[in-house]
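Structure below is model.csv: CSV, N, CA and C atoms.
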chain,number,residue,atom,x,y,z
A,1,MET,N,-27.8,-6.2,27.4
A,1,MET,CA,-28.5,-5.3,26.4
A,1,MET,C,-29.9,-5.8,26.3
A,2,SER,N,-30.8,-4.8,26.4
A,2,SER,CA,-32.2,-5.2,26.3
A,2,SER,C,-32.7,-5.5,24.9
A,3,LYS,N,-33.8,-6.1,24.8
A,3,LYS,CA,-34.4,-6.5,23.5
A,3,LYS,C,-34.6,-5.2,22.6
A,4,LYS,N,-35.0,-4.1,23.2
A,4,LYS,CA,-35.3,-2.9,22.5
A,4,LYS,C,-33.9,-2.3,22.0
A,5,GLU,N,-32.9,-2.4,22.8
A,5,GLU,CA,-31.6,-1.9,22.4
A,5,GLU,C,-31.0,-2.7,21.3
A,6,LYS,N,-31.2,-4.1,21.4
A,6,LYS,CA,-30.7,-4.9,20.3
A,6,LYS,C,-31.4,-4.6,19.0
A,7,ILE,N,-32.7,-4.4,19.0
A,7,ILE,CA,-33.4,-4.0,17.8
A,7,ILE,C,-33.0,-2.7,17.3
A,8,GLN,N,-32.8,-1.7,18.1
A,8,GLN,CA,-32.3,-0.4,17.7
A,8,GLN,C,-30.9,-0.5,17.0
A,9,ARG,N,-30.0,-1.3,17.7
A,9,ARG,CA,-28.7,-1.5,17.1
A,9,ARG,C,-28.7,-2.2,15.7
A,10,TYR,N,-29.6,-3.2,15.6
A,10,TYR,CA,-29.8,-3.9,14.4
A,10,TYR,C,-30.3,-2.9,13.3
A,11,LEU,N,-31.2,-2.1,13.6
A,11,LEU,CA,-31.8,-1.2,12.6
A,11,LEU,C,-30.7,-0.2,12.2
A,12,ILE,N,-29.9,0.3,13.1
A,12,ILE,CA,-28.9,1.3,12.8
A,12,ILE,C,-27.8,0.6,11.8
A,13,ILE,N,-27.4,-0.6,12.2
A,13,ILE,CA,-26.4,-1.3,11.4
A,13,ILE,C,-27.0,-1.6,10.0
A,14,THR,N,-28.2,-2.0,9.9
A,14,THR,CA,-28.8,-2.3,8.6
A,14,THR,C,-29.0,-1.1,7.8
A,15,ARG,N,-29.4,0.0,8.4
A,15,ARG,CA,-29.5,1.3,7.7
A,15,ARG,C,-28.2,1.7,7.1
A,16,ILE,N,-27.1,1.6,7.9
A,16,ILE,CA,-25.8,1.9,7.4
A,16,ILE,C,-25.3,1.1,6.2
A,17,LYS,N,-25.6,-0.2,6.3
A,17,LYS,CA,-25.2,-1.2,5.2
A,17,LYS,C,-26.0,-0.8,4.0
A,18,ARG,N,-27.3,-0.5,4.1
A,18,ARG,CA,-28.1,-0.2,2.9
A,18,ARG,C,-27.6,1.1,2.3
A,19,ALA,N,-27.3,2.1,3.1
A,19,ALA,CA,-26.9,3.4,2.6
A,19,ALA,C,-25.5,3.2,1.9
A,20,CYS,N,-24.6,2.4,2.5
A,20,CYS,CA,-23.3,2.2,1.8
A,20,CYS,C,-23.4,1.5,0.5
A,21,SER,N,-24.2,0.5,0.4
A,21,SER,CA,-24.4,-0.3,-0.9
A,21,SER,C,-25.0,0.6,-1.9
A,22,ALA,N,-26.0,1.4,-1.6
A,22,ALA,CA,-26.6,2.3,-2.6
A,22,ALA,C,-25.6,3.4,-3.0
A,23,ARG,N,-24.8,3.9,-2.1
A,23,ARG,CA,-23.8,4.9,-2.4
A,23,ARG,C,-22.7,4.4,-3.2
A,24,ILE,N,-22.3,3.2,-3.1
A,24,ILE,CA,-21.2,2.6,-3.9
A,24,ILE,C,-21.6,2.6,-5.3
A,25,ILE,N,-22.9,2.1,-5.6
A,25,ILE,CA,-23.4,2.1,-6.9
A,25,ILE,C,-23.5,3.5,-7.5
A,26,SER,N,-24.0,4.4,-6.7
A,26,SER,CA,-24.1,5.8,-7.1
A,26,SER,C,-22.7,6.5,-7.4
A,27,LEU,N,-21.7,6.1,-6.6
A,27,LEU,CA,-20.4,6.6,-6.8
A,27,LEU,C,-19.8,6.2,-8.1
A,28,ILE,N,-20.0,5.0,-8.5
A,28,ILE,CA,-19.5,4.5,-9.7
A,28,ILE,C,-20.2,5.2,-10.9
A,29,VAL,N,-21.5,5.3,-10.8
A,29,VAL,CA,-22.3,5.9,-11.9
A,29,VAL,C,-21.9,7.4,-12.1
A,30,THR,N,-21.9,8.1,-10.9
A,30,THR,CA,-21.6,9.5,-11.0
A,30,THR,C,-20.2,9.8,-11.5
A,31,THR,N,-19.2,9.0,-11.0
A,31,THR,CA,-17.8,9.1,-11.4
A,31,THR,C,-17.7,8.9,-12.9
A,32,LEU,N,-18.4,7.9,-13.4
A,32,LEU,CA,-18.3,7.6,-14.9
A,32,LEU,C,-18.9,8.8,-15.7
A,33,VAL,N,-20.1,9.2,-15.2
A,33,VAL,CA,-20.7,10.4,-15.9
A,33,VAL,C,-19.9,11.6,-15.9
A,34,GLY,N,-19.3,11.9,-14.7
A,34,GLY,CA,-18.4,13.1,-14.6
A,34,GLY,C,-17.2,13.0,-15.5
A,35,TRP,N,-16.7,11.8,-15.6
A,35,TRP,CA,-15.5,11.5,-16.4
A,35,TRP,C,-15.9,11.7,-17.9
A,36,MET,N,-17.1,11.2,-18.3
A,36,MET,CA,-17.5,11.3,-19.7
A,36,MET,C,-17.8,12.8,-20.1
A,37,VAL,N,-18.4,13.5,-19.2
A,37,VAL,CA,-18.7,14.9,-19.4
A,37,VAL,C,-17.5,15.8,-19.5
A,38,THR,N,-16.6,15.6,-18.5
A,38,THR,CA,-15.4,16.5,-18.5
A,38,THR,C,-14.2,15.9,-19.3
A,39,GLY,N,-14.2,14.6,-19.5
A,39,GLY,CA,-13.0,14.0,-20.1
A,39,GLY,C,-11.8,13.8,-19.2
A,40,ASN,N,-12.0,14.1,-17.9
A,40,ASN,CA,-10.9,14.0,-17.0
A,40,ASN,C,-11.4,13.1,-15.8
A,41,PRO,N,-10.7,11.9,-15.7
A,41,PRO,CA,-11.1,10.9,-14.7
A,41,PRO,C,-11.0,11.5,-13.2
A,42,ILE,N,-10.0,12.4,-13.0
A,42,ILE,CA,-9.8,12.9,-11.7
A,42,ILE,C,-11.0,13.8,-11.3
A,43,ILE,N,-11.4,14.6,-12.2
A,43,ILE,CA,-12.6,15.5,-11.9
A,43,ILE,C,-13.8,14.6,-11.8
A,44,GLY,N,-14.0,13.6,-12.6
A,44,GLY,CA,-15.1,12.6,-12.4
A,44,GLY,C,-15.1,12.0,-11.1
A,45,LEU,N,-13.9,11.6,-10.6
A,45,LEU,CA,-13.8,11.0,-9.3
A,45,LEU,C,-14.1,12.0,-8.2
A,46,SER,N,-13.7,13.2,-8.3
A,46,SER,CA,-14.0,14.3,-7.4
A,46,SER,C,-15.5,14.5,-7.3
A,47,ILE,N,-16.1,14.6,-8.4
A,47,ILE,CA,-17.6,14.8,-8.4
A,47,ILE,C,-18.3,13.6,-7.8
A,48,GLY,N,-17.9,12.4,-8.1
A,48,GLY,CA,-18.4,11.2,-7.5
A,48,GLY,C,-18.2,11.1,-6.0
A,49,SER,N,-17.1,11.6,-5.5
A,49,SER,CA,-16.8,11.5,-4.1
A,49,SER,C,-17.6,12.5,-3.3
A,50,MET,N,-17.8,13.7,-3.9
A,50,MET,CA,-18.7,14.7,-3.2
A,50,MET,C,-20.1,14.2,-3.2
A,51,ASP,N,-20.5,13.7,-4.3
A,51,ASP,CA,-21.9,13.1,-4.4
A,51,ASP,C,-22.1,12.0,-3.3
A,52,LEU,N,-21.1,11.2,-3.2
A,52,LEU,CA,-21.1,10.1,-2.2
A,52,LEU,C,-21.3,10.6,-0.8
A,53,LEU,N,-20.5,11.5,-0.4
A,53,LEU,CA,-20.6,12.1,1.0
A,53,LEU,C,-21.9,12.8,1.3
A,54,VAL,N,-22.3,13.6,0.4
A,54,VAL,CA,-23.6,14.4,0.6
A,54,VAL,C,-24.8,13.4,0.7
A,55,LYS,N,-24.9,12.6,-0.3
A,55,LYS,CA,-26.0,11.7,-0.4
A,55,LYS,C,-26.1,10.6,0.7
A,56,LEU,N,-24.9,10.2,1.2
A,56,LEU,CA,-24.9,9.2,2.2
A,56,LEU,C,-25.5,9.8,3.5
A,57,ALA,N,-25.1,11.0,3.8
A,57,ALA,CA,-25.7,11.7,5.0
A,57,ALA,C,-27.2,12.0,4.8
A,58,LEU,N,-27.6,12.4,3.7
A,58,LEU,CA,-29.0,12.7,3.4
A,58,LEU,C,-29.8,11.4,3.5
A,59,TYR,N,-29.3,10.3,2.9
A,59,TYR,CA,-30.0,9.0,3.0
A,59,TYR,C,-30.2,8.5,4.4
A,60,TYR,N,-29.1,8.6,5.2
A,60,TYR,CA,-29.2,8.2,6.6
A,60,TYR,C,-30.2,9.0,7.3
A,61,GLY,N,-30.2,10.3,7.1
A,61,GLY,CA,-31.2,11.1,7.8
A,61,GLY,C,-32.6,10.8,7.3
A,62,HIS,N,-32.8,10.6,6.1
A,62,HIS,CA,-34.1,10.2,5.5
A,62,HIS,C,-34.6,8.9,6.1
A,63,GLU,N,-33.8,7.9,6.2
A,63,GLU,CA,-34.2,6.6,6.8
A,63,GLU,C,-34.5,6.8,8.2
A,64,THR,N,-33.8,7.6,8.9
A,64,THR,CA,-34.0,7.8,10.4
A,64,THR,C,-35.4,8.4,10.6
A,65,VAL,N,-35.7,9.4,9.8
A,65,VAL,CA,-37.0,10.1,9.9
A,65,VAL,C,-38.2,9.1,9.7
A,66,TRP,N,-38.0,8.3,8.6
A,66,TRP,CA,-39.1,7.3,8.3
A,66,TRP,C,-39.2,6.3,9.3
A,67,GLU,N,-38.1,5.8,9.9
A,67,GLU,CA,-38.2,4.8,10.9
A,67,GLU,C,-38.8,5.3,12.2
A,68,LYS,N,-38.6,6.6,12.5
A,68,LYS,CA,-39.2,7.2,13.7
A,68,LYS,C,-40.7,7.3,13.5
A,69,LYS,N,-41.1,7.7,12.2
A,69,LYS,CA,-42.5,7.8,11.9
A,69,LYS,C,-43.2,6.4,12.0
A,70,MET,N,-42.5,5.4,11.5
A,70,MET,CA,-43.1,4.0,11.5
A,70,MET,C,-43.2,3.5,12.9
A,71,ALA,N,-42.2,3.8,13.8
A,71,ALA,CA,-42.3,3.4,15.2
A,71,ALA,C,-43.5,4.0,15.9
A,72,LYS,N,-43.7,5.3,15.6
A,72,LYS,CA,-44.8,6.0,16.2
A,72,LYS,C,-46.1,5.4,15.7
A,73,ASP,N,-46.2,5.1,14.4
A,73,ASP,CA,-47.4,4.5,13.8
A,73,ASP,C,-47.7,3.2,14.4
A,74,ILE,N,-46.7,2.4,14.6
A,74,ILE,CA,-46.8,1.0,15.2
A,74,ILE,C,-47.3,1.1,16.6
A,75,LYS,N,-46.7,2.0,17.3
A,75,LYS,CA,-47.1,2.2,18.7
A,75,LYS,C,-48.6,2.6,18.8
A,76,GLU,N,-49.0,3.5,17.9
A,76,GLU,CA,-50.5,3.9,17.9
A,76,GLU,C,-51.4,2.7,17.5
A,77,ILE,N,-50.9,1.9,16.6
A,77,ILE,CA,-51.7,0.7,16.2
A,77,ILE,C,-51.9,-0.2,17.4
A,78,LYS,N,-50.7,-0.4,18.1
A,78,LYS,CA,-50.8,-1.3,19.3
A,78,LYS,C,-51.8,-0.8,20.3
A,79,VAL,N,-51.7,0.5,20.6
A,79,VAL,CA,-52.6,1.1,21.6
A,79,VAL,C,-54.1,1.0,21.1
A,80,ASN,N,-54.3,1.3,19.9
A,80,ASN,CA,-55.7,1.1,19.4
A,80,ASN,C,-56.2,-0.3,19.4
A,81,TYR,N,-55.3,-1.2,19.1
A,81,TYR,CA,-55.6,-2.7,19.1
A,81,TYR,C,-56.0,-3.1,20.5
A,82,LYS,N,-55.2,-2.7,21.5
A,82,LYS,CA,-55.4,-3.0,22.9
A,82,LYS,C,-56.8,-2.4,23.3
A,83,SER,N,-57.0,-1.2,23.0
A,83,SER,CA,-58.2,-0.5,23.4
A,83,SER,C,-59.5,-1.2,22.8
A,84,ASN,N,-59.4,-1.5,21.5
A,84,ASN,CA,-60.5,-2.2,20.8
A,84,ASN,C,-60.8,-3.6,21.4
A,85,HIS,N,-59.7,-4.3,21.8
A,85,HIS,CA,-60.0,-5.6,22.4
A,85,HIS,C,-60.5,-5.5,23.8
A,86,GLN,N,-60.2,-4.5,24.5
A,86,GLN,CA,-60.7,-4.3,25.9
A,86,GLN,C,-62.2,-4.0,25.7
A,87,ILE,N,-62.6,-3.2,24.8
A,87,ILE,CA,-64.0,-2.8,24.5
A,87,ILE,C,-64.8,-4.1,24.2
A,88,ILE,N,-64.2,-4.9,23.3
A,88,ILE,CA,-64.9,-6.1,22.9
A,88,ILE,C,-65.1,-7.1,24.1
A,89,GLU,N,-64.1,-7.2,24.9
A,89,GLU,CA,-64.1,-8.1,26.1
A,89,GLU,C,-65.2,-7.6,27.0
A,90,GLN,N,-65.3,-6.3,27.2
A,90,GLN,CA,-66.3,-5.7,28.1
A,90,GLN,C,-67.7,-6.0,27.5
A,91,ASN,N,-67.9,-5.8,26.2
A,91,ASN,CA,-69.2,-6.1,25.6
A,91,ASN,C,-69.6,-7.6,25.7
A,92,GLU,N,-68.6,-8.4,25.6
A,92,GLU,CA,-68.9,-9.9,25.7
A,92,GLU,C,-69.4,-10.3,27.1
A,93,LYS,N,-69.0,-9.5,28.1
A,93,LYS,CA,-69.5,-9.8,29.5
A,93,LYS,C,-71.0,-9.6,29.6
A,94,TYR,N,-71.5,-8.7,28.8
A,94,TYR,CA,-73.0,-8.4,29.0
A,94,TYR,C,-73.8,-9.2,28.1

As C-alpha cells, please, write out the structure in this file.
Amino acid sequence: MSKKEKIQRYLIITRIKRACSARIISLIVTTLVGWMVTGNPIIGLSIGSMDLLVKLALYYGHETVWEKKMAKDIKEIKVNYKSNHQIIEQNEKY
C-alpha cells in the first residue's frame, strides 16, 4: 500500500469515527427530546434513529467535500511555493 493510500485510508477511518461519535451524542439528545415532547419513549427512539441515519450520511458527505477542497488548496500552495522558490533561485544567480 502506497503512502498516499495509507493516508487516504486513515482519513476515511478517522472521518467515520468522528461521524459516529457525534451521531451517538445526537441520538441520545434527539431521543430524549422526542420522548419528552411525545411522552412515548418508542416514538422518541424512532425520531432519534431517523435523525441518526440521515445526519450520519450528511456529515460524511460534508466532510468529504471539505477534505477534497483542502487537498486541492494544499496542492495549489505546494505548486505556488515551488514556483516562487524557482524564481528566487533564478534571481539569485544574477

(request) Return the single residue from A:Gln8, A:Asp51, A:Glu76, A:Arg15 that is closest to Thr64 in chain A, with distances computed using only N, CA and C atoms. (result) A:Arg15

Could you pull the residues within 7 Å of Ile43 in chain A, counting all atoms listed in the file, minus those fewer than 4 positions along the same chain, as a PDB file with N, CA and C atoms, in the coordinates of the input?
ATOM      1  N   THR A  31     -19.200   9.000 -11.000  1.00  0.00           N
ATOM      2  CA  THR A  31     -17.800   9.100 -11.400  1.00  0.00           C
ATOM      3  C   THR A  31     -17.700   8.900 -12.900  1.00  0.00           C
ATOM      4  N   GLY A  34     -19.300  11.900 -14.700  1.00  0.00           N
ATOM      5  CA  GLY A  34     -18.400  13.100 -14.600  1.00  0.00           C
ATOM      6  C   GLY A  34     -17.200  13.000 -15.500  1.00  0.00           C
ATOM      7  N   TRP A  35     -16.700  11.800 -15.600  1.00  0.00           N
ATOM      8  CA  TRP A  35     -15.500  11.500 -16.400  1.00  0.00           C
ATOM      9  C   TRP A  35     -15.900  11.700 -17.900  1.00  0.00           C
ATOM     10  N   ILE A  47     -16.100  14.600  -8.400  1.00  0.00           N
ATOM     11  CA  ILE A  47     -17.600  14.800  -8.400  1.00  0.00           C
ATOM     12  C   ILE A  47     -18.300  13.600  -7.800  1.00  0.00           C
ATOM     13  N   GLY A  48     -17.900  12.400  -8.100  1.00  0.00           N
ATOM     14  CA  GLY A  48     -18.400  11.200  -7.500  1.00  0.00           C
ATOM     15  C   GLY A  48     -18.200  11.100  -6.000  1.00  0.00           C
TER      16      GLY A  48
END

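Considering only C-alpha atoms, the residue among A:Leu58, A:Val33, A:Val65, A:Ala19 positioned nearest to Ser46 in chain A is A:Val33.
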
(message) Can you tell me which residues surround Ile25 in chain A at a distance of at most 12 Å, considering only C-alpha atoms, apart from same-chain residues fewer than 2 positions away, and format the answer as a ChimeraX atom specification?
(response) /A:18-23,27-32,48-49,51-52,55-56

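Reported to one decimal place, the separation of CA of Ile7 in chain A from CA of Lys68 in chain A is 13.3 Å.
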
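Atom pair atom N of Tyr10 in chain A / atom C of Lys69 in chain A has a distance of 17.0 Å (rounded to one decimal).
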
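Atom to atom, atom N of Ser26 in chain A and CA of Leu45 in chain A stand 12.4 Å apart.
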